[in-house]
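Q: File protein38.csv follows (CSV, C-alpha atoms):
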```csv
chain,number,residue,atom,x,y,z
Y,1,MET,CA,117.9,125.3,103.2
Y,2,LYS,CA,116.8,125.4,99.6
Y,3,GLN,CA,115.8,122.3,97.9
Y,4,ILE,CA,118.5,121.0,95.6
Y,5,ALA,CA,116.7,118.5,93.4
Y,6,LEU,CA,117.6,116.2,90.6
Y,7,GLN,CA,115.4,116.0,87.6
Y,8,LEU,CA,115.3,112.2,87.3
Y,9,PHE,CA,115.3,112.4,83.5
Y,10,SER,CA,119.0,113.0,83.9
Y,11,ILE,CA,119.5,109.4,85.1
Y,12,LYS,CA,116.5,107.8,83.3
Y,13,ASN,CA,118.8,105.0,82.0
Y,14,LEU,CA,118.7,103.6,85.5
Y,15,SER,CA,114.9,103.7,85.7
Y,16,HIS,CA,114.7,101.9,82.3
Y,17,GLU,CA,117.6,99.5,82.6
Y,18,HIS,CA,118.5,98.7,86.2
Y,19,PRO,CA,116.7,95.7,87.8
Y,20,ASP,CA,115.5,98.0,90.7
Y,21,GLY,CA,114.4,100.7,88.3
Y,22,LEU,CA,113.2,103.9,90.0
Y,23,ARG,CA,114.3,102.5,93.4
Y,24,GLU,CA,117.9,102.6,92.2
Y,25,THR,CA,117.4,106.0,90.6
Y,26,LEU,CA,116.3,107.5,93.9
Y,27,ARG,CA,119.2,105.8,95.8
Y,28,VAL,CA,121.7,107.2,93.3
Y,29,ALA,CA,120.1,110.7,93.4
Y,30,ALA,CA,120.6,110.8,97.2
Y,31,GLY,CA,124.2,109.5,96.8
Y,32,LEU,CA,125.0,112.3,94.5
Y,33,GLY,CA,124.2,114.9,97.1
Y,34,TYR,CA,120.6,115.9,96.3
Y,35,ASN,CA,118.0,116.4,99.0
Y,36,SER,CA,115.1,116.3,96.7
Y,37,VAL,CA,113.9,115.1,93.3
Y,38,GLU,CA,111.7,116.0,90.4
Y,39,PHE,CA,110.0,113.1,88.8
Y,40,ALA,CA,109.7,112.4,85.1
Y,41,GLY,CA,107.4,109.4,85.4
Y,42,TYR,CA,106.9,106.8,88.2
Y,43,PHE,CA,108.0,103.7,86.3
Y,44,GLY,CA,105.4,101.3,87.5
Y,45,LEU,CA,105.8,102.0,91.3
Y,46,THR,CA,102.7,102.9,93.3
Y,47,ILE,CA,102.6,106.2,95.2
Y,48,ASP,CA,103.0,104.3,98.5
Y,49,GLU,CA,106.1,102.4,97.1
Y,50,ILE,CA,107.6,105.7,96.1
Y,51,LYS,CA,106.9,107.3,99.4
Y,52,GLU,CA,108.7,104.4,101.1
Y,53,GLU,CA,111.8,104.8,98.9
Y,54,LEU,CA,111.8,108.6,99.4
Y,55,LYS,CA,111.8,108.1,103.2
Y,56,LYS,CA,114.5,105.5,102.9
Y,57,ASN,CA,116.8,107.9,101.0
Y,58,ASP,CA,115.8,111.0,103.0
Y,59,LEU,CA,114.5,112.8,99.9
Y,60,SER,CA,111.7,115.3,99.5
Y,61,VAL,CA,109.8,116.0,96.3
Y,62,THR,CA,110.3,119.3,94.6
Y,63,GLY,CA,107.9,118.3,91.8
Y,64,ALA,CA,107.0,116.3,88.8
Y,65,HIS,CA,106.9,116.8,85.1
Y,66,ILE,CA,103.5,115.8,83.9
Y,67,GLY,CA,101.8,116.3,80.5
Y,68,ILE,CA,98.9,118.7,80.3
Y,69,ALA,CA,96.6,115.9,79.1
Y,70,GLU,CA,97.0,114.1,82.4
Y,71,PHE,CA,95.7,117.2,84.3
Y,72,GLU,CA,92.9,117.9,81.8
Y,73,ASN,CA,91.7,114.3,81.5
Y,74,ASN,CA,92.4,112.9,85.0
Y,75,TYR,CA,92.9,115.8,87.3
Y,76,ALA,CA,91.6,114.2,90.5
Y,77,GLU,CA,94.0,111.2,90.4
Y,78,THR,CA,96.9,113.3,89.2
Y,79,ALA,CA,96.6,115.9,92.0
Y,80,LYS,CA,96.0,113.2,94.6
Y,81,GLY,CA,99.3,111.5,93.7
Y,82,LEU,CA,101.1,114.8,94.0
Y,83,LYS,CA,99.6,115.6,97.3
Y,84,GLU,CA,100.4,112.2,98.7
Y,85,LEU,CA,104.0,112.6,97.7
Y,86,GLY,CA,104.2,116.0,99.4
Y,87,ALA,CA,105.2,117.6,96.1
Y,88,TYR,CA,106.0,121.3,96.2
Y,89,SER,CA,105.2,121.8,92.6
Y,90,ALA,CA,104.2,120.3,89.3
Y,91,CYS,CA,105.1,121.4,85.8
Y,92,VAL,CA,104.0,120.8,82.2
Y,93,PRO,CA,107.4,119.9,80.6
Y,94,HIS,CA,106.8,120.9,77.0
Y,95,ALA,CA,104.4,122.0,74.3
Y,96,LYS,CA,104.4,122.7,70.6
Y,97,PHE,CA,102.0,124.9,68.6
Y,98,GLU,CA,102.0,126.6,65.2
Y,99,THR,CA,100.4,130.0,65.9
Y,100,ALA,CA,100.5,132.8,68.5
Y,101,GLU,CA,96.8,132.2,69.1
Y,102,GLU,CA,97.4,128.5,70.0
Y,103,TRP,CA,100.2,129.5,72.4
Y,104,ALA,CA,98.0,132.0,74.0
Y,105,ASP,CA,95.2,129.4,74.4
Y,106,PHE,CA,97.8,127.1,75.9
Y,107,GLY,CA,98.6,129.7,78.5
Y,108,LYS,CA,94.8,130.0,79.4
Y,109,ARG,CA,94.7,126.2,79.7
Y,110,LEU,CA,97.6,126.3,82.1
Y,111,ASN,CA,95.9,128.9,84.1
Y,112,VAL,CA,92.8,126.7,84.7
Y,113,ILE,CA,94.9,123.9,85.9
Y,114,GLY,CA,97.1,126.2,88.0
Y,115,LYS,CA,94.1,127.7,89.8
Y,116,LYS,CA,92.9,124.2,90.8
Y,117,LEU,CA,96.4,123.1,92.0
Y,118,ARG,CA,96.9,126.3,93.9
Y,119,GLU,CA,93.7,125.6,95.8
Y,120,ASP,CA,95.1,122.1,96.5
Y,121,GLY,CA,98.3,123.6,97.9
Y,122,ILE,CA,100.6,122.8,95.0
Y,123,LEU,CA,102.5,125.3,92.8
Y,124,PHE,CA,102.0,124.8,89.0
Y,125,GLY,CA,104.4,125.8,86.3
Y,126,PHE,CA,105.6,125.5,82.7
Y,127,HIS,CA,109.1,124.4,81.8
Y,128,ASN,CA,110.6,126.2,78.7
Y,129,HIS,CA,112.6,124.8,75.9
Y,130,VAL,CA,114.5,126.7,73.1
Y,131,ILE,CA,111.3,126.9,71.0
Y,132,GLU,CA,109.6,129.3,73.4
Y,133,PHE,CA,112.2,132.0,72.6
Y,134,GLY,CA,111.0,132.1,69.1
Y,135,LYS,CA,108.8,135.0,68.0
Y,136,PHE,CA,105.5,136.0,66.5
Y,137,ASP,CA,105.5,139.7,65.4
Y,138,ASP,CA,108.5,140.5,67.6
Y,139,LYS,CA,106.9,138.9,70.7
Y,140,ARG,CA,108.6,135.8,72.2
Y,141,ILE,CA,106.4,132.7,72.6
Y,142,ILE,CA,107.4,132.5,76.3
Y,143,ASP,CA,105.9,136.0,76.9
Y,144,ILE,CA,102.7,135.1,75.0
Y,145,ILE,CA,102.3,132.1,77.3
Y,146,PHE,CA,102.9,133.9,80.5
Y,147,GLU,CA,100.8,137.0,79.6
Y,148,SER,CA,97.9,134.6,79.1
Y,149,CYS,CA,97.9,133.2,82.6
Y,150,ASP,CA,98.0,134.7,86.1
Y,151,PRO,CA,101.2,134.9,88.1
Y,152,GLU,CA,99.6,133.3,91.1
Y,153,ASN,CA,98.4,130.3,89.1
Y,154,VAL,CA,101.4,129.6,86.8
Y,155,PHE,CA,105.1,130.0,87.4
Y,156,LEU,CA,108.0,129.8,85.0
Y,157,GLU,CA,110.2,126.8,85.7
Y,158,PHE,CA,113.1,128.6,84.0
Y,159,ASP,CA,115.5,126.4,82.1
Y,160,THR,CA,118.7,128.4,81.8
Y,161,ARG,CA,120.4,126.1,79.3
Y,162,HIS,CA,117.6,126.4,76.8
Y,163,CYS,CA,117.6,130.2,77.2
Y,164,ALA,CA,121.3,130.5,76.6
Y,165,VAL,CA,121.3,128.2,73.6
Y,166,ALA,CA,118.4,130.3,72.1
Y,167,GLY,CA,120.8,133.2,72.2
Y,168,VAL,CA,119.0,135.0,75.0
Y,169,ASN,CA,120.7,136.2,78.2
Y,170,PRO,CA,119.4,134.1,81.1
Y,171,VAL,CA,120.1,136.9,83.6
Y,172,ALA,CA,117.9,139.3,81.7
Y,173,TYR,CA,115.0,136.7,81.6
Y,174,ALA,CA,115.4,136.0,85.3
Y,175,MET,CA,115.0,139.7,85.9
Y,176,LYS,CA,112.0,139.9,83.5
Y,177,TYR,CA,110.2,137.1,85.5
Y,178,LYS,CA,111.4,138.3,88.9
Y,179,GLY,CA,109.3,136.7,91.6
Y,180,ARG,CA,107.7,134.2,89.2
Y,181,ILE,CA,110.5,131.6,89.3
Y,182,PRO,CA,110.2,129.7,92.6
Y,183,VAL,CA,111.7,126.7,90.9
Y,184,LEU,CA,114.8,127.2,88.7
Y,185,HIS,CA,115.7,124.5,86.2
Y,186,ALA,CA,119.4,124.7,86.8
Y,187,ARG,CA,121.0,123.5,83.6
Y,188,ASP,CA,124.3,124.7,82.2
Y,189,THR,CA,126.1,124.4,78.8
Y,190,ASP,CA,129.3,125.4,77.0
Y,191,MET,CA,127.0,126.2,74.1
Y,192,LYS,CA,127.7,122.7,72.6
Y,193,ASP,CA,127.2,120.1,75.3
Y,194,ASP,CA,125.7,120.2,78.8
Y,195,THR,CA,128.2,120.8,81.6
Y,196,ALA,CA,128.1,120.7,85.4
Y,197,VAL,CA,126.1,123.6,86.8
Y,198,GLY,CA,128.5,126.5,87.3
Y,199,ALA,CA,131.0,125.2,84.7
Y,200,GLY,CA,129.3,126.6,81.6
Y,201,VAL,CA,128.1,130.0,80.3
Y,202,VAL,CA,125.3,130.6,82.8
Y,203,ASP,CA,125.9,133.0,85.6
Y,204,PHE,CA,123.8,131.3,88.3
Y,205,ALA,CA,124.7,133.7,91.1
Y,206,ALA,CA,123.3,136.6,88.9
Y,207,VAL,CA,120.3,134.5,87.9
Y,208,THR,CA,119.5,133.7,91.5
Y,209,ARG,CA,119.9,137.4,92.5
Y,210,GLU,CA,117.7,138.7,89.7
Y,211,ALA,CA,115.0,136.0,89.9
Y,212,CYS,CA,114.4,137.0,93.5
Y,213,GLY,CA,112.6,134.2,95.3
Y,214,ILE,CA,114.0,130.9,94.1
Y,215,ASN,CA,113.0,128.2,96.6
Y,216,ALA,CA,114.3,125.1,94.7
Y,217,TYR,CA,116.9,124.3,92.2
Y,218,VAL,CA,116.3,121.4,89.8
Y,219,VAL,CA,119.4,120.1,88.1
Y,220,GLU,CA,119.1,118.5,84.7
Y,221,ASN,CA,121.9,117.2,82.5
Y,222,GLY,CA,121.5,115.7,79.1
Y,223,ASN,CA,124.7,113.6,79.1
Y,224,ILE,CA,122.7,110.5,80.1
Y,225,GLY,CA,124.8,107.5,81.0
Y,226,PHE,CA,128.0,109.4,81.6
Y,227,ASN,CA,127.0,112.4,83.7
Y,228,LEU,CA,127.3,111.3,87.3
Y,229,ASP,CA,130.4,113.3,88.1
Y,230,GLN,CA,128.8,116.4,86.5
Y,231,LEU,CA,125.6,115.8,88.6
Y,232,ARG,CA,127.6,115.5,91.8
Y,233,GLU,CA,129.5,118.7,91.0
Y,234,SER,CA,126.3,120.5,90.2
Y,235,ALA,CA,124.7,119.7,93.5
Y,236,ALA,CA,127.9,120.8,95.4
Y,237,PHE,CA,128.0,124.1,93.4
Y,238,LEU,CA,124.4,125.0,94.0
Y,239,LYS,CA,124.8,124.5,97.8
Y,240,THR,CA,127.3,127.4,97.7
Y,241,LEU,CA,124.8,129.9,96.3
```
Will you turn the file into C-alpha cells for me?

A:
Amino acid sequence: MKQIALQLFSIKNLSHEHPDGLRETLRVAAGLGYNSVEFAGYFGLTIDEIKEELKKNDLSVTGAHIGIAEFENNYAETAKGLKELGAYSACVPHAKFETAEEWADFGKRLNVIGKKLREDGILFGFHNHVIEFGKFDDKRIIDIIFESCDPENVFLEFDTRHCAVAGVNPVAYAMKYKGRIPVLHARDTDMKDDTAVGAGVVDFAAVTREACGINAYVVENGNIGFNLDQLRESAAFLKTL
C-alpha cells in the first residue's frame, strides 16, 4: 500500500498551541486516516521520543521538510535523525533567488546533498512553490533547478496546488517529470482557497498516471485551524487511487 502521509504543517496549530504539542499532532494525524507523516520541525521532542509516538500511533515517516542550511552546515546529525526515524525521504521546502545563475547553483547544491543522502539510503528532493514556475529567458525556474542536478540524486516533490495556481497544467508537469516524482505533494484548490484533495481543479488520477512511480502522497492543506474535515476527506480520496 502506498504511503498516505500528512504534512504536519497542515495542523501546526496543534504543535504550537496544544499542551501535548507534536504528540497530539501525531495522534490527530493517525485519527484522520493517515498511515504516515511528513515533518515540518520536531517541536522540541527528541528523536527517541518521536519514535515512541510514531509507534504508538502506527505511523511511518514519509519524510521531513528541512532547510538546505541544516544539511550544508550539520549534515551528519541531520542525516542521523532521518535514518533513526526510518524516513523514506527528505526535502528542502523552499528557496528564493534573483537570477537564473543562482537558481542553477542552487540545483548543484541540492545535487551534492542528494548524493550523500542517497548513499545513506534516503531519497532527497525539492518542494516547489508558485515562484518556480516563473521564467528567465522563456525557461521556467523549476526546469533550471532540475536540469542542474541528477535525477538519481534529487527528485521533485511536486506540489500540484502551486502548479495550478501558477497557471500551469499539473498533468503536463507530472508527465514532464515522469519517474522523478516518488513523493507527490497532494494539494488541491478551487483557484482561490485550498480544498480537500479531489474536490478542486487538480486531476489526481491523471497526475498519478503520468507521473509514473509515485510511492507516497503527502497531503497539505493551508486552511490551518479549520481543515480537519478536508484532511480526512483527502486521505479517504487518495486511498481510492

Q: Restricting the calculation to only C-alpha atoms: of Y:Ala104, Y:Ala164, Y:Ile66, Y:Leu32, which residue gets closest to Glu233 (chain Y)?

A: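 Comparing Y:Ala104, Y:Ala164, Y:Ile66, Y:Leu32 against Glu233 (chain Y), the winner is Y:Leu32.
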
Q: Under the rule that all atoms listed in the file are counted, which of Y:Asp150, Y:Asp48, Y:Asp190, Y:Glu53 is the nearest residue to Ala29 (chain Y)?

A: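 Among the listed residues, the smallest separation from Ala29 (chain Y) belongs to Y:Glu53.
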
Q: Go ahead and compute the interatomic distance for CA of Leu22 (chain Y) and CA of Lys83 (chain Y), in Å to one decimal.

A: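 Rounded to one decimal, the two atoms are 19.4 Å apart.
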
Q: Give me, please, the distance in Å between CA of Glu38 (chain Y) and CA of Leu6 (chain Y), quoted to one decimal.

A: 5.9 Å

Q: Out of Y:Asp120, Y:Glu49, Y:Asp193, Y:Glu101, which residue has the shortest atom-to-atom distance to Thr78 (chain Y) when counting all atoms listed in the file?

A: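 Result for the nearest residue to Thr78 (chain Y): Y:Asp120.
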
Q: Would you mind telling me which residue in Y:His162, Y:Phe126, Y:Asp138, Y:Val218 lies nearest to Arg180 (chain Y) when using only C-alpha atoms?

A: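 Of Y:His162, Y:Phe126, Y:Asp138, Y:Val218, the one nearest Arg180 (chain Y), counting only C-alpha atoms, is Y:Phe126.
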
Q: Which residue, Y:Pro170, Y:Gly67, Y:Gly86, Y:Pro151, has the smallest gap to Lys108 (chain Y) when you use all atoms listed in the file?

A: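 Of all the options, Y:Pro151 lies closest to Lys108 (chain Y).
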
Q: Would you mind completing region 130-155 of chain Y to N, CA, C and O atoms and writing the output as a PDB file, in the frame of the given file?

A:
```pdb
ATOM      1  N   VAL Y 130     113.962 125.638  74.051  1.00  0.00           N
ATOM      2  CA  VAL Y 130     114.500 126.700  73.100  1.00  0.00           C
ATOM      3  C   VAL Y 130     113.333 127.271  72.320  1.00  0.00           C
ATOM      4  O   VAL Y 130     113.302 128.481  72.069  1.00  0.00           O
ATOM      5  N   ILE Y 131     112.358 126.432  71.927  1.00  0.00           N
ATOM      6  CA  ILE Y 131     111.300 126.900  71.000  1.00  0.00           C
ATOM      7  C   ILE Y 131     110.548 128.092  71.539  1.00  0.00           C
ATOM      8  O   ILE Y 131     110.126 128.960  70.763  1.00  0.00           O
ATOM      9  N   GLU Y 132     110.392 128.208  72.844  1.00  0.00           N
ATOM     10  CA  GLU Y 132     109.600 129.300  73.400  1.00  0.00           C
ATOM     11  C   GLU Y 132     110.286 130.664  73.314  1.00  0.00           C
ATOM     12  O   GLU Y 132     109.673 131.690  73.640  1.00  0.00           O
ATOM     13  N   PHE Y 133     111.532 130.677  72.861  1.00  0.00           N
ATOM     14  CA  PHE Y 133     112.200 132.000  72.600  1.00  0.00           C
ATOM     15  C   PHE Y 133     112.084 132.424  71.193  1.00  0.00           C
ATOM     16  O   PHE Y 133     112.623 133.467  70.830  1.00  0.00           O
ATOM     17  N   GLY Y 134     111.358 131.636  70.389  1.00  0.00           N
ATOM     18  CA  GLY Y 134     111.000 132.100  69.100  1.00  0.00           C
ATOM     19  C   GLY Y 134     109.963 133.208  69.148  1.00  0.00           C
ATOM     20  O   GLY Y 134     109.421 133.482  70.225  1.00  0.00           O
ATOM     21  N   LYS Y 135     109.685 133.858  68.021  1.00  0.00           N
ATOM     22  CA  LYS Y 135     108.800 135.000  68.000  1.00  0.00           C
ATOM     23  C   LYS Y 135     107.678 134.953  67.035  1.00  0.00           C
ATOM     24  O   LYS Y 135     107.782 134.317  66.001  1.00  0.00           O
ATOM     25  N   PHE Y 136     106.601 135.626  67.388  1.00  0.00           N
ATOM     26  CA  PHE Y 136     105.500 136.000  66.500  1.00  0.00           C
ATOM     27  C   PHE Y 136     105.377 137.502  66.562  1.00  0.00           C
ATOM     28  O   PHE Y 136     105.118 138.052  67.639  1.00  0.00           O
ATOM     29  N   ASP Y 137     105.585 138.194  65.444  1.00  0.00           N
ATOM     30  CA  ASP Y 137     105.500 139.700  65.400  1.00  0.00           C
ATOM     31  C   ASP Y 137     106.274 140.312  66.534  1.00  0.00           C
ATOM     32  O   ASP Y 137     105.789 141.154  67.301  1.00  0.00           O
ATOM     33  N   ASP Y 138     107.523 139.881  66.657  1.00  0.00           N
ATOM     34  CA  ASP Y 138     108.500 140.500  67.600  1.00  0.00           C
ATOM     35  C   ASP Y 138     108.128 140.170  69.079  1.00  0.00           C
ATOM     36  O   ASP Y 138     108.720 140.771  69.981  1.00  0.00           O
ATOM     37  N   LYS Y 139     107.187 139.286  69.337  1.00  0.00           N
ATOM     38  CA  LYS Y 139     106.900 138.900  70.700  1.00  0.00           C
ATOM     39  C   LYS Y 139     107.313 137.433  70.900  1.00  0.00           C
ATOM     40  O   LYS Y 139     106.907 136.560  70.133  1.00  0.00           O
ATOM     41  N   ARG Y 140     108.107 137.175  71.927  1.00  0.00           N
ATOM     42  CA  ARG Y 140     108.600 135.800  72.200  1.00  0.00           C
ATOM     43  C   ARG Y 140     107.407 134.936  72.654  1.00  0.00           C
ATOM     44  O   ARG Y 140     106.528 135.383  73.407  1.00  0.00           O
ATOM     45  N   ILE Y 141     107.461 133.679  72.246  1.00  0.00           N
ATOM     46  CA  ILE Y 141     106.400 132.700  72.600  1.00  0.00           C
ATOM     47  C   ILE Y 141     106.304 132.625  74.149  1.00  0.00           C
ATOM     48  O   ILE Y 141     105.199 132.556  74.697  1.00  0.00           O
ATOM     49  N   ILE Y 142     107.438 132.627  74.833  1.00  0.00           N
ATOM     50  CA  ILE Y 142     107.400 132.500  76.300  1.00  0.00           C
ATOM     51  C   ILE Y 142     106.601 133.635  76.915  1.00  0.00           C
ATOM     52  O   ILE Y 142     105.876 133.436  77.896  1.00  0.00           O
ATOM     53  N   ASP Y 143     106.683 134.824  76.332  1.00  0.00           N
ATOM     54  CA  ASP Y 143     105.900 136.000  76.900  1.00  0.00           C
ATOM     55  C   ASP Y 143     104.437 135.842  76.500  1.00  0.00           C
ATOM     56  O   ASP Y 143     103.572 136.241  77.302  1.00  0.00           O
ATOM     57  N   ILE Y 144     104.146 135.315  75.329  1.00  0.00           N
ATOM     58  CA  ILE Y 144     102.700 135.100  75.000  1.00  0.00           C
ATOM     59  C   ILE Y 144     102.089 134.131  75.956  1.00  0.00           C
ATOM     60  O   ILE Y 144     100.968 134.366  76.426  1.00  0.00           O
ATOM     61  N   ILE Y 145     102.799 133.061  76.295  1.00  0.00           N
ATOM     62  CA  ILE Y 145     102.300 132.100  77.300  1.00  0.00           C
ATOM     63  C   ILE Y 145     101.973 132.748  78.598  1.00  0.00           C
ATOM     64  O   ILE Y 145     100.866 132.660  79.141  1.00  0.00           O
ATOM     65  N   PHE Y 146     102.991 133.429  79.146  1.00  0.00           N
ATOM     66  CA  PHE Y 146     102.900 133.900  80.500  1.00  0.00           C
ATOM     67  C   PHE Y 146     102.025 135.172  80.652  1.00  0.00           C
ATOM     68  O   PHE Y 146     101.539 135.475  81.737  1.00  0.00           O
ATOM     69  N   GLU Y 147     101.802 135.864  79.555  1.00  0.00           N
ATOM     70  CA  GLU Y 147     100.800 137.000  79.600  1.00  0.00           C
ATOM     71  C   GLU Y 147      99.406 136.441  79.521  1.00  0.00           C
ATOM     72  O   GLU Y 147      98.465 137.193  79.789  1.00  0.00           O
ATOM     73  N   SER Y 148      99.258 135.166  79.192  1.00  0.00           N
ATOM     74  CA  SER Y 148      97.900 134.600  79.100  1.00  0.00           C
ATOM     75  C   SER Y 148      97.500 133.815  80.311  1.00  0.00           C
ATOM     76  O   SER Y 148      96.449 133.166  80.321  1.00  0.00           O
ATOM     77  N   CYS Y 149      98.312 133.875  81.354  1.00  0.00           N
ATOM     78  CA  CYS Y 149      97.900 133.200  82.600  1.00  0.00           C
ATOM     79  C   CYS Y 149      98.358 134.114  83.777  1.00  0.00           C
ATOM     80  O   CYS Y 149      99.179 135.023  83.623  1.00  0.00           O
ATOM     81  N   ASP Y 150      97.781 133.848  84.925  1.00  0.00           N
ATOM     82  CA  ASP Y 150      98.000 134.700  86.100  1.00  0.00           C
ATOM     83  C   ASP Y 150      99.229 134.261  86.881  1.00  0.00           C
ATOM     84  O   ASP Y 150      99.440 133.057  87.084  1.00  0.00           O
ATOM     85  N   PRO Y 151     100.030 135.221  87.356  1.00  0.00           N
ATOM     86  CA  PRO Y 151     101.200 134.900  88.100  1.00  0.00           C
ATOM     87  C   PRO Y 151     100.975 133.986  89.317  1.00  0.00           C
ATOM     88  O   PRO Y 151     101.808 133.131  89.660  1.00  0.00           O
ATOM     89  N   GLU Y 152      99.833 134.162  89.955  1.00  0.00           N
ATOM     90  CA  GLU Y 152      99.600 133.300  91.100  1.00  0.00           C
ATOM     91  C   GLU Y 152      99.186 131.907  90.776  1.00  0.00           C
ATOM     92  O   GLU Y 152      99.198 131.020  91.632  1.00  0.00           O
ATOM     93  N   ASN Y 153      98.850 131.679  89.494  1.00  0.00           N
ATOM     94  CA  ASN Y 153      98.400 130.300  89.100  1.00  0.00           C
ATOM     95  C   ASN Y 153      99.501 129.568  88.315  1.00  0.00           C
ATOM     96  O   ASN Y 153      99.507 128.330  88.353  1.00  0.00           O
ATOM     97  N   VAL Y 154     100.389 130.265  87.609  1.00  0.00           N
ATOM     98  CA  VAL Y 154     101.400 129.600  86.800  1.00  0.00           C
ATOM     99  C   VAL Y 154     102.738 130.263  86.907  1.00  0.00           C
ATOM    100  O   VAL Y 154     102.877 131.450  86.632  1.00  0.00           O
ATOM    101  N   PHE Y 155     103.728 129.489  87.328  1.00  0.00           N
ATOM    102  CA  PHE Y 155     105.100 130.000  87.400  1.00  0.00           C
ATOM    103  C   PHE Y 155     105.930 129.524  86.257  1.00  0.00           C
ATOM    104  O   PHE Y 155     105.579 128.566  85.568  1.00  0.00           O
TER     105      PHE Y 155
END
```
